[in-house]
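*Asks:* Input: one structure, supplied below.
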Amino acid sequence: EGVAYLGGIGFIVIVSTRRNDYATLAMAYALARDFAQSEPKQGEADPKVLSLIVERLMRVLNDYSDTRTQAENIIKSARKIIHQSEKTRQLVEHTGTYLERYLASGVLTQRDLLDFYQSQGVSEQLLAFDRSLDEELDS
């Protein structure tokens, strides 16, 4: 997964500069630093064992990173869905109000039609809803 350990050489790291992704380099640096500070008790560590452990660790860290990214994407999508759902609900209520007014009186003034067309008041309510949703989800 972008990092390998070769005995006698050290860590080999593949960095994706096009995507500005230096995560593998940072992980390899942290591993190399820990390894250098640990001074293996038997002198020289077995490169095969170390390579196996490094590969597993990189797989686990990549899985964690992928899972976290997917969870963040799910949260973003859920917020968009909740926002769209609330917007639809408010527009239905808004339209229903004008429909009731029209059916009761048989007339809508030019101002009423303009307010209806511009969904007067809905955007303010939606902004307030988004703020309260952000506060609720962030707490």
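Scheme for the structure tokens: letters A, B, ... for chains in order shown; per-chain residue numbers from 1; ligand numbers from 1 in order shown.
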Quick one: residues within 7 Å of stretch 123-129 of chain A, only C-alpha atoms counted, chain neighbours fewer than 3 positions away excluded, as a PDB file with N, CA and C atoms, in the first residue's frame?
*Replies:*
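Here's the written file selection_33.pdb:
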```
ATOM      1  N   LYS A  87     -36.442  21.732   3.091  1.00  0.00           N
ATOM      2  CA  LYS A  87     -36.793  22.723   2.075  1.00  0.00           C
ATOM      3  C   LYS A  87     -38.104  22.335   1.401  1.00  0.00           C
ATOM      4  N   SER A 132     -29.632  25.494  13.153  1.00  0.00           N
ATOM      5  CA  SER A 132     -29.994  24.622  14.279  1.00  0.00           C
ATOM      6  C   SER A 132     -29.555  23.185  14.018  1.00  0.00           C
ATOM      7  N   LEU A 133     -29.621  22.752  12.763  1.00  0.00           N
ATOM      8  CA  LEU A 133     -29.164  21.402  12.413  1.00  0.00           C
ATOM      9  C   LEU A 133     -27.664  21.280  12.632  1.00  0.00           C
TER      10      LEU A 133
END
```
*Asks:* Residues at most 10 Å from stretch 49-61 of chain A, counting only C-alpha atoms, excluding those fewer than 6 positions away in the same chain, as number ranges by chain?
*Replies:* A: 1-7, 10-11, 23-24, 27-28, 31, 35, 67
*Asks:* Just how far from atom CA of A:Ala45 is atom CA of A:Ala32, in Å to one decimal?
*Replies:*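 We find that atom CA of A:Ala32 and atom CA of A:Ala45 lie 12.7 Å from each other.
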*Asks:* Could you pull the residues within 12 Å of A:Thr88, counting only C-alpha atoms, minus those fewer than 4 positions along the same chain, as a PyMOL selection string?
*Replies:* chain A and resi 81-84+92-95+119+122-123+126
*Asks:* Could you pull out the residues in stretch 94-132 of chain A that DSSP calls alpha helix (DSSP H) from the backbone, as a PyMOL selection string?
*Replies:* chain A and resi 94-105+110-117+122-132
*Asks:* Can those selected residues be exported to a file as a PDB file, in the first residue's frame so that it contains C-alpha atoms?
*Replies:*
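The resulting file, out_16.pdb, is shown below:
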```pdb
ATOM      1  CA  HIS A  94     -45.804  27.829   1.900  1.00  0.00           C
ATOM      2  CA  THR A  95     -47.700  26.721  -1.201  1.00  0.00           C
ATOM      3  CA  GLY A  96     -50.516  25.315   0.939  1.00  0.00           C
ATOM      4  CA  THR A  97     -50.898  28.659   2.719  1.00  0.00           C
ATOM      5  CA  TYR A  98     -51.343  30.496  -0.573  1.00  0.00           C
ATOM      6  CA  LEU A  99     -53.667  27.804  -1.913  1.00  0.00           C
ATOM      7  CA  GLU A 100     -55.879  28.116   1.192  1.00  0.00           C
ATOM      8  CA  ARG A 101     -55.853  31.908   0.884  1.00  0.00           C
ATOM      9  CA  TYR A 102     -56.811  31.715  -2.787  1.00  0.00           C
ATOM     10  CA  LEU A 103     -59.550  29.138  -2.229  1.00  0.00           C
ATOM     11  CA  ALA A 104     -60.988  31.144   0.681  1.00  0.00           C
ATOM     12  CA  SER A 105     -61.048  34.526  -1.064  1.00  0.00           C
ATOM     13  CA  GLN A 110     -50.111  41.143  -7.237  1.00  0.00           C
ATOM     14  CA  ARG A 111     -48.095  41.368  -4.008  1.00  0.00           C
ATOM     15  CA  ASP A 112     -49.398  37.942  -2.905  1.00  0.00           C
ATOM     16  CA  LEU A 113     -48.395  36.434  -6.244  1.00  0.00           C
ATOM     17  CA  LEU A 114     -44.936  37.994  -6.019  1.00  0.00           C
ATOM     18  CA  ASP A 115     -44.458  36.718  -2.449  1.00  0.00           C
ATOM     19  CA  PHE A 116     -45.699  33.288  -3.525  1.00  0.00           C
ATOM     20  CA  TYR A 117     -43.379  33.195  -6.529  1.00  0.00           C
ATOM     21  CA  VAL A 122     -38.942  30.269   3.250  1.00  0.00           C
ATOM     22  CA  SER A 123     -35.252  31.040   2.736  1.00  0.00           C
ATOM     23  CA  GLU A 124     -34.989  32.706   6.162  1.00  0.00           C
ATOM     24  CA  GLN A 125     -36.669  29.730   7.824  1.00  0.00           C
ATOM     25  CA  LEU A 126     -34.383  27.370   5.932  1.00  0.00           C
ATOM     26  CA  LEU A 127     -31.264  29.254   7.052  1.00  0.00           C
ATOM     27  CA  ALA A 128     -32.465  29.101  10.662  1.00  0.00           C
ATOM     28  CA  PHE A 129     -33.138  25.385  10.264  1.00  0.00           C
ATOM     29  CA  ASP A 130     -29.651  24.800   8.804  1.00  0.00           C
ATOM     30  CA  ARG A 131     -28.049  26.652  11.726  1.00  0.00           C
ATOM     31  CA  SER A 132     -29.994  24.622  14.279  1.00  0.00           C
TER      32      SER A 132
END
```
